[in-house]
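Chemist: Hey, dropping structure07.tsv in here, TSV, C-alpha atoms and all ligand atoms:
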```tsv
chain	number	residue	atom	x	y	z
A	1	MET	CA	101.97	128.42	80.24
A	2	PRO	CA	99.51	125.86	81.66
A	3	GLY	CA	98.16	126.74	85.11
A	4	PRO	CA	98.79	124.70	88.23
A	5	VAL	CA	97.86	121.05	88.42
A	6	LYS	CA	94.20	120.74	89.47
A	7	LEU	CA	93.03	118.04	91.86
A	8	TYR	CA	89.26	117.54	92.04
A	9	GLY	CA	88.04	116.20	95.35
A	10	ILE	CA	87.90	116.94	99.07
A	11	PRO	CA	90.48	116.00	101.72
A	12	ARG	CA	88.09	113.57	103.48
A	13	SER	CA	88.02	111.16	100.55
A	14	ARG	CA	90.46	109.13	98.47
A	15	ALA	CA	91.69	112.50	97.19
A	16	PHE	CA	93.70	112.57	100.43
A	17	ARG	CA	96.15	110.11	98.86
A	18	CYS	CA	96.74	112.50	95.98
A	19	LEU	CA	97.13	115.46	98.34
A	20	VAL	CA	99.96	113.51	99.98
A	21	ALA	CA	101.62	112.88	96.61
A	22	LEU	CA	101.17	116.51	95.57
A	23	GLU	CA	102.70	117.70	98.84
A	24	GLU	CA	105.58	115.23	98.54
A	25	THR	CA	106.41	116.35	94.99
A	26	GLY	CA	106.19	120.05	95.78
A	27	VAL	CA	104.40	120.77	92.49
A	28	GLU	CA	102.14	123.82	92.45
A	29	TYR	CA	98.51	122.67	92.63
A	30	GLU	CA	94.97	123.80	93.17
A	31	LEU	CA	92.36	121.72	95.01
A	32	VAL	CA	89.01	122.11	93.25
A	33	PRO	CA	86.44	121.23	95.93
A	34	THR	CA	84.24	118.45	94.56
A	35	ASP	CA	82.31	116.28	97.00
A	36	PHE	CA	81.27	112.67	96.52
A	37	THR	CA	77.51	113.30	96.59
A	38	GLU	CA	76.52	116.35	94.52
A	39	GLY	CA	79.89	117.40	93.11
A	40	VAL	CA	80.68	114.15	91.33
A	41	ARG	CA	77.31	114.16	89.54
A	42	SER	CA	77.61	117.54	87.84
A	43	PRO	CA	77.93	117.39	84.04
A	44	ALA	CA	81.12	119.48	84.27
A	45	PHE	CA	82.77	116.92	86.56
A	46	ARG	CA	81.47	113.92	84.61
A	47	ALA	CA	83.23	115.38	81.58
A	48	ILE	CA	86.46	115.08	83.58
A	49	ASN	CA	85.77	111.70	85.20
A	50	PRO	CA	83.00	109.65	83.56
A	51	ASN	CA	83.08	107.35	86.62
A	52	ALA	CA	81.59	110.27	88.62
A	53	LYS	CA	84.06	109.63	91.46
A	54	ILE	CA	86.75	111.65	93.15
A	55	PRO	CA	89.64	112.17	92.87
A	56	ALA	CA	90.46	113.31	89.36
A	57	LEU	CA	93.49	115.23	88.14
A	58	VAL	CA	93.89	117.75	85.35
A	59	ASP	CA	97.44	118.63	84.34
A	60	GLY	CA	97.33	120.75	81.18
A	61	GLU	CA	95.91	118.46	78.49
A	62	THR	CA	96.20	115.36	80.68
A	63	ILE	CA	93.15	114.14	82.58
A	64	LEU	CA	93.40	111.18	84.96
A	65	PHE	CA	91.22	109.25	87.38
A	66	GLU	CA	92.11	106.51	89.94
A	67	SER	CA	93.86	107.86	93.02
A	68	LEU	CA	96.85	105.52	92.95
A	69	ALA	CA	97.40	105.93	89.19
A	70	ILE	CA	97.29	109.71	89.66
A	71	ASN	CA	99.99	109.31	92.31
A	72	LEU	CA	102.23	107.23	90.05
A	73	TYR	CA	101.92	109.90	87.36
A	74	LEU	CA	102.62	112.75	89.79
A	75	MET	CA	105.67	111.11	91.33
A	76	ARG	CA	107.08	110.07	87.95
A	77	LYS	CA	106.67	113.58	86.52
A	78	TYR	CA	107.38	115.83	89.48
A	79	GLY	CA	109.59	115.88	92.58
A	80	ASP	CA	112.49	113.53	93.28
A	81	LEU	CA	110.93	110.43	94.84
A	82	TRP	CA	110.66	108.35	91.65
A	83	PRO	CA	113.15	105.42	91.61
A	84	ARG	CA	116.15	105.50	89.31
A	85	THR	CA	116.05	101.85	88.19
A	86	VAL	CA	113.52	99.84	86.18
A	87	GLU	CA	113.69	97.15	88.89
A	88	ASP	CA	112.60	99.56	91.60
A	89	GLU	CA	109.90	100.92	89.27
A	90	GLY	CA	108.63	97.35	89.05
A	91	ARG	CA	108.52	97.18	92.84
A	92	VAL	CA	106.57	100.44	92.98
A	93	PHE	CA	104.01	99.01	90.52
A	94	GLN	CA	103.88	95.79	92.55
A	95	TRP	CA	103.14	97.54	95.85
A	96	THR	CA	100.64	99.89	94.21
A	97	LEU	CA	98.58	97.06	92.74
A	98	TRP	CA	99.02	95.08	95.95
A	99	THR	CA	97.62	97.84	98.14
A	100	ALA	CA	94.67	98.36	95.74
A	101	THR	CA	93.77	94.67	95.63
A	102	GLU	CA	94.97	93.18	98.94
A	103	ILE	CA	94.55	96.06	101.41
A	104	GLU	CA	91.73	98.27	100.12
A	105	PRO	CA	88.87	95.70	99.85
A	106	PRO	CA	89.16	94.20	103.37
A	107	GLN	CA	89.98	97.57	104.90
A	108	MET	CA	86.84	99.11	103.36
A	109	GLN	CA	84.73	96.12	104.46
A	110	TRP	CA	85.90	96.86	108.01
A	111	ALA	CA	85.65	100.67	107.67
A	112	TYR	CA	82.16	100.80	106.10
A	113	ASN	CA	80.82	98.65	108.92
A	114	THR	CA	82.74	100.36	111.72
A	115	PHE	CA	82.50	104.14	111.16
A	116	VAL	CA	81.79	105.14	107.52
A	117	ARG	CA	78.13	104.13	107.23
A	118	PRO	CA	75.45	105.48	109.57
A	119	ALA	CA	75.25	103.35	112.73
A	120	ASP	CA	71.98	101.65	111.73
A	121	GLN	CA	73.49	100.46	108.44
A	122	ARG	CA	76.58	98.81	109.94
A	123	ASN	CA	76.92	95.05	110.11
A	124	PRO	CA	79.24	93.96	112.95
A	125	ALA	CA	79.80	90.53	111.38
A	126	GLU	CA	80.96	92.21	108.16
A	127	ALA	CA	83.25	94.51	110.17
A	128	ALA	CA	84.80	91.52	111.91
A	129	ALA	CA	85.19	89.65	108.60
A	130	GLY	CA	86.95	92.63	107.02
A	131	ALA	CA	89.26	92.99	110.02
A	132	GLU	CA	90.10	89.31	109.85
A	133	ARG	CA	90.83	89.46	106.10
A	134	LEU	CA	93.06	92.51	106.60
A	135	LYS	CA	95.35	90.57	108.95
A	136	ALA	CA	96.84	88.49	106.10
A	137	PRO	CA	98.28	91.41	104.06
A	138	LEU	CA	99.34	93.15	107.29
A	139	GLY	CA	101.25	89.97	108.14
A	140	VAL	CA	102.98	90.17	104.75
A	141	LEU	CA	104.03	93.76	105.49
A	142	GLU	CA	105.24	92.75	108.95
A	143	THR	CA	107.51	90.09	107.39
A	144	VAL	CA	108.86	92.44	104.70
A	145	LEU	CA	109.53	95.22	107.21
A	146	ALA	CA	111.44	92.85	109.50
A	147	GLY	CA	114.46	93.26	107.25
A	148	ARG	CA	114.28	96.90	106.20
A	149	ASP	CA	112.98	100.30	107.28
A	150	HIS	CA	110.97	100.91	104.10
A	151	LEU	CA	109.42	98.74	101.40
A	152	LEU	CA	112.23	99.12	98.86
A	153	GLY	CA	115.09	99.37	101.35
A	154	ALA	CA	116.44	102.07	103.62
A	155	ALA	CA	114.75	105.09	102.05
A	156	TYR	CA	111.11	106.21	101.73
A	157	SER	CA	109.86	105.68	98.18
A	158	PRO	CA	106.64	105.85	96.15
A	159	ALA	CA	105.91	102.28	97.31
A	160	ASP	CA	105.75	103.50	100.92
A	161	LEU	CA	103.58	106.44	99.93
A	162	GLN	CA	101.05	104.29	98.08
A	163	VAL	CA	100.68	101.61	100.75
A	164	SER	CA	100.80	103.94	103.77
A	165	CYS	CA	98.25	106.38	102.29
A	166	VAL	CA	95.77	103.57	101.77
A	167	LEU	CA	96.43	102.18	105.26
A	168	TYR	CA	95.94	105.66	106.73
A	169	THR	CA	92.25	104.73	107.09
A	170	ALA	CA	93.00	101.81	109.43
A	171	TRP	CA	95.85	103.58	111.21
A	172	PHE	CA	93.88	106.76	111.89
A	173	ASN	CA	90.64	105.03	112.83
A	174	GLY	CA	92.01	102.73	115.49
A	175	PHE	CA	92.47	99.38	113.75
A	176	ASP	CA	94.34	97.13	116.19
A	177	LEU	CA	97.91	97.17	114.90
A	178	ALA	CA	99.41	95.73	118.12
A	179	PRO	CA	100.03	92.32	116.47
A	180	PHE	CA	101.99	94.13	113.73
A	181	PRO	CA	104.53	96.33	115.57
A	182	LYS	CA	106.84	96.83	112.59
A	183	VAL	CA	103.91	97.90	110.42
A	184	LYS	CA	102.75	100.28	113.16
A	185	ALA	CA	106.23	101.85	113.51
A	186	TRP	CA	106.58	102.16	109.72
A	187	LEU	CA	103.12	103.77	109.39
A	188	ASP	CA	104.00	106.17	112.21
A	189	ARG	CA	107.13	107.15	110.26
A	190	CYS	CA	105.45	107.42	106.85
A	191	LEU	CA	102.35	109.26	108.04
A	192	ASN	CA	104.23	111.84	110.11
A	193	ARG	CA	106.48	113.10	107.33
A	194	PRO	CA	106.23	116.90	106.92
A	195	ALA	CA	104.51	116.66	103.51
A	196	VAL	CA	102.06	114.07	104.80
A	197	LEU	CA	101.30	116.22	107.85
A	198	ARG	CA	100.35	119.08	105.53
A	199	ALA	CA	97.86	116.80	103.76
A	200	ARG	CA	96.67	115.36	107.08
A	201	ASN	CA	96.06	118.86	108.42
A	202	MET	CA	93.68	119.47	105.52
A	203	ARG	CA	91.92	116.16	106.06
A	204	GLU	CA	91.78	116.11	109.84
A	205	ALA	CA	90.60	119.74	110.05
A	206	ALA	CA	87.83	119.11	107.52
B	301	LIG	N1	89.22	103.38	92.82
B	301	LIG	C1	88.86	104.78	92.88
B	301	LIG	C2	87.71	104.94	93.86
B	301	LIG	C3	87.17	106.36	93.88
B	301	LIG	C4	85.98	106.47	94.83
B	301	LIG	O1	85.25	105.50	95.09
B	301	LIG	N2	85.77	107.70	95.32
B	301	LIG	C5	84.64	107.97	96.19
B	301	LIG	C6	85.03	108.97	97.26
B	301	LIG	S1	86.37	108.40	98.28
B	301	LIG	C7	83.52	108.58	95.36
B	301	LIG	O2	83.74	109.53	94.65
B	301	LIG	N3	82.31	108.05	95.48
B	301	LIG	C8	81.18	108.60	94.82
B	301	LIG	C9	80.18	107.54	94.46
B	301	LIG	O3	80.53	106.35	94.56
B	301	LIG	O4	79.06	107.92	94.08
B	301	LIG	C10	90.07	105.61	93.29
B	301	LIG	O5	90.90	105.11	94.05
B	301	LIG	O6	90.21	106.76	92.84
```
Mind converting the file's structure to structure tokens?
Ligand SMILES: N[C@@H](CCC(=O)N[C@@H](CS)C(=O)NCC(=O)O)C(=O)O

Modeler:
Amino acid sequence: MPGPVKLYGIPRSRAFRCLVALEETGVEYELVPTDFTEGVRSPAFRAINPNAKIPALVDGETILFESLAINLYLMRKYGDLWPRTVEDEGRVFQWTLWTATEIEPPQMQWAYNTFVRPADQRNPAEAAAGAERLKAPLGVLETVLAGRDHLLGAAYSPADLQVSCVLYTAWFNGFDLAPFPKVKAWLDRCLNRPAVLRARNMREAA
């Protein structure tokens, strides 16, 4: 019998997204503490993820990197969130790639220059530019959520998990969501689910 699924990372990193997926699926897992300075550079970790970045997942013989790809794998293999139709699978892939390409870059431009980097390395103009760029995809979400409670319809799905876990950074760190009330209400719903709260407890206590 293979042991539990192993997630390499720490809660205050992109591994948080995978902790949410693990908690949502209910699969037995072990968090192998690996930080993004020393931990990622060890030869043992590089053998798992040659990118030397967290998170990484080991499930028996299967080794994966990329937080959102790990989540797709986890939700397809374990738990009961994965959609039943090919069409909805397509929508999950769409929203996953969308959040990686449309949300993550401007959000990180804002975050690095607002609270991630040490104060003397922040550039306020870059922070403002990132915040401005982030408004366009948030506007898209606001339009989509005008007609439904979740991204694929009435029920929470892997699409909601992927997009809300990435947007956790903006939501938790005080990005002004007032112009996007439907997005704010949807994030409040997604990020206060019991499974997400378990992952948030790990991250916010760390
Ligand atoms: N696209 C990757 C990004 C992974 C990533 O950049 N992880 C950071 C921590 S959140 C890291 O390990 N950084 C170490 C480094 O860049 O040296 C993913 O989503 O998994």

Chemist: Can I get the residues close to ligand LIG 301 (chain B) as an mmCIF file with C-alpha atoms, keeping the file's coordinate frame, where close means within 12 Å and we count all atoms listed in the file?

Modeler:
```
data_model
loop_
_atom_site.group_PDB
_atom_site.id
_atom_site.type_symbol
_atom_site.label_atom_id
_atom_site.label_comp_id
_atom_site.auth_asym_id
_atom_site.auth_seq_id
_atom_site.Cartn_x
_atom_site.Cartn_y
_atom_site.Cartn_z
ATOM 1 C CA LEU A 7 93.030 118.040 91.860
ATOM 2 C CA TYR A 8 89.260 117.540 92.040
ATOM 3 C CA GLY A 9 88.040 116.200 95.350
ATOM 4 C CA ILE A 10 87.900 116.940 99.070
ATOM 5 C CA PRO A 11 90.480 116.000 101.720
ATOM 6 C CA ARG A 12 88.090 113.570 103.480
ATOM 7 C CA SER A 13 88.020 111.160 100.550
ATOM 8 C CA ARG A 14 90.460 109.130 98.470
ATOM 9 C CA ALA A 15 91.690 112.500 97.190
ATOM 10 C CA PHE A 16 93.700 112.570 100.430
ATOM 11 C CA ARG A 17 96.150 110.110 98.860
ATOM 12 C CA CYS A 18 96.740 112.500 95.980
ATOM 13 C CA THR A 34 84.240 118.450 94.560
ATOM 14 C CA ASP A 35 82.310 116.280 97.000
ATOM 15 C CA PHE A 36 81.270 112.670 96.520
ATOM 16 C CA THR A 37 77.510 113.300 96.590
ATOM 17 C CA GLU A 38 76.520 116.350 94.520
ATOM 18 C CA GLY A 39 79.890 117.400 93.110
ATOM 19 C CA VAL A 40 80.680 114.150 91.330
ATOM 20 C CA ARG A 41 77.310 114.160 89.540
ATOM 21 C CA SER A 42 77.610 117.540 87.840
ATOM 22 C CA PHE A 45 82.770 116.920 86.560
ATOM 23 C CA ARG A 46 81.470 113.920 84.610
ATOM 24 C CA ASN A 49 85.770 111.700 85.200
ATOM 25 C CA PRO A 50 83.000 109.650 83.560
ATOM 26 C CA ASN A 51 83.080 107.350 86.620
ATOM 27 C CA ALA A 52 81.590 110.270 88.620
ATOM 28 C CA LYS A 53 84.060 109.630 91.460
ATOM 29 C CA ILE A 54 86.750 111.650 93.150
ATOM 30 C CA PRO A 55 89.640 112.170 92.870
ATOM 31 C CA ALA A 56 90.460 113.310 89.360
ATOM 32 C CA LEU A 57 93.490 115.230 88.140
ATOM 33 C CA LEU A 64 93.400 111.180 84.960
ATOM 34 C CA PHE A 65 91.220 109.250 87.380
ATOM 35 C CA GLU A 66 92.110 106.510 89.940
ATOM 36 C CA SER A 67 93.860 107.860 93.020
ATOM 37 C CA LEU A 68 96.850 105.520 92.950
ATOM 38 C CA ALA A 69 97.400 105.930 89.190
ATOM 39 C CA ILE A 70 97.290 109.710 89.660
ATOM 40 C CA ASN A 71 99.990 109.310 92.310
ATOM 41 C CA THR A 96 100.640 99.890 94.210
ATOM 42 C CA LEU A 97 98.580 97.060 92.740
ATOM 43 C CA THR A 99 97.620 97.840 98.140
ATOM 44 C CA ALA A 100 94.670 98.360 95.740
ATOM 45 C CA THR A 101 93.770 94.670 95.630
ATOM 46 C CA GLU A 104 91.730 98.270 100.120
ATOM 47 C CA PRO A 105 88.870 95.700 99.850
ATOM 48 C CA MET A 108 86.840 99.110 103.360
ATOM 49 C CA TYR A 112 82.160 100.800 106.100
ATOM 50 C CA VAL A 116 81.790 105.140 107.520
ATOM 51 C CA GLN A 162 101.050 104.290 98.080
ATOM 52 C CA CYS A 165 98.250 106.380 102.290
ATOM 53 C CA VAL A 166 95.770 103.570 101.770
ATOM 54 C CA THR A 169 92.250 104.730 107.090
#
```

Chemist: Please compute the CA of Leu72 (chain A)-CA of Arg203 (chain A) distance, one decimal, in Å.

Modeler: 21.0 Å

Chemist: Would you mind listing what lies within 10 Å of Asp88 (chain A) as a PyMOL selection string, with all atoms listed in the file counted and same-chain residues fewer than 3 positions away left out?

Modeler: chain A and resi 82-85+91-94+152+157-159

Chemist: For each of A:Ala205, A:Pro194, A:Arg122, A:Ala155, take the minimum atom-to-atom distance to Thr25 (chain A), counting only C-alpha atoms, then give the residue where this is smallest.

Modeler: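 Under the stated criterion, the closest residue is A:Pro194.
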
Chemist: How many Å lie between CA of Ser164 (chain A) and CA of Met202 (chain A), rounded to one decimal?

Modeler: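 These two atoms are separated by 17.2 Å.
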
Chemist: Please indicate the distance in Å from CA of Ala154 (chain A) to CA of Leu81 (chain A), rounded to one decimal place.

Modeler: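 One can read the CA of Ala154 (chain A) to CA of Leu81 (chain A) distance as 13.3 Å.
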
Chemist: Find the residues around Asn192 (chain A) up to 12 Å (only C-alpha atoms counted), leave out those fewer than 3 positions away in its own chain, and share them as a list in words.

Modeler: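 Contacts, in chain order: Val20, Leu161, Ser164, Cys165, Tyr168, Trp171, Phe172, Ala185, Trp186, Leu187, Asp188, Arg189, Ala195, Val196, Leu197, Arg198, Ala199, Arg200 and Asn201 of chain A.
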
Chemist: Calculated over all atoms listed in the file, which of the candidates A:Arg133, A:Lys6, A:Arg117, A:Lys182 has the smallest distance to Arg148 (chain A)?

Modeler: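 Ranking A:Arg133, A:Lys6, A:Arg117, A:Lys182 by distance to Arg148 (chain A), first place goes to A:Lys182.
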
Chemist: Which residues come within 8 Å of Ala127 (chain A), counting only C-alpha atoms, excluding same-chain residues fewer than 3 positions away, as a tab-separated table (two decimals) with C-alpha atoms, keeping the file's coordinate frame?

Modeler:
```
chain	number	residue	atom	x	y	z
A	109	GLN	CA	84.73	96.12	104.46
A	110	TRP	CA	85.90	96.86	108.01
A	111	ALA	CA	85.65	100.67	107.67
A	112	TYR	CA	82.16	100.80	106.10
A	113	ASN	CA	80.82	98.65	108.92
A	114	THR	CA	82.74	100.36	111.72
A	122	ARG	CA	76.58	98.81	109.94
A	123	ASN	CA	76.92	95.05	110.11
A	124	PRO	CA	79.24	93.96	112.95
A	130	GLY	CA	86.95	92.63	107.02
A	131	ALA	CA	89.26	92.99	110.02
```

Chemist: Which of these, A:Gly147, A:Leu191, A:Pro4, A:Leu138, has the shortest distance to Trp98 (chain A) once you count all atoms listed in the file?

Modeler: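 Of the candidates, the smallest distance to Trp98 (chain A) is held by A:Leu138.
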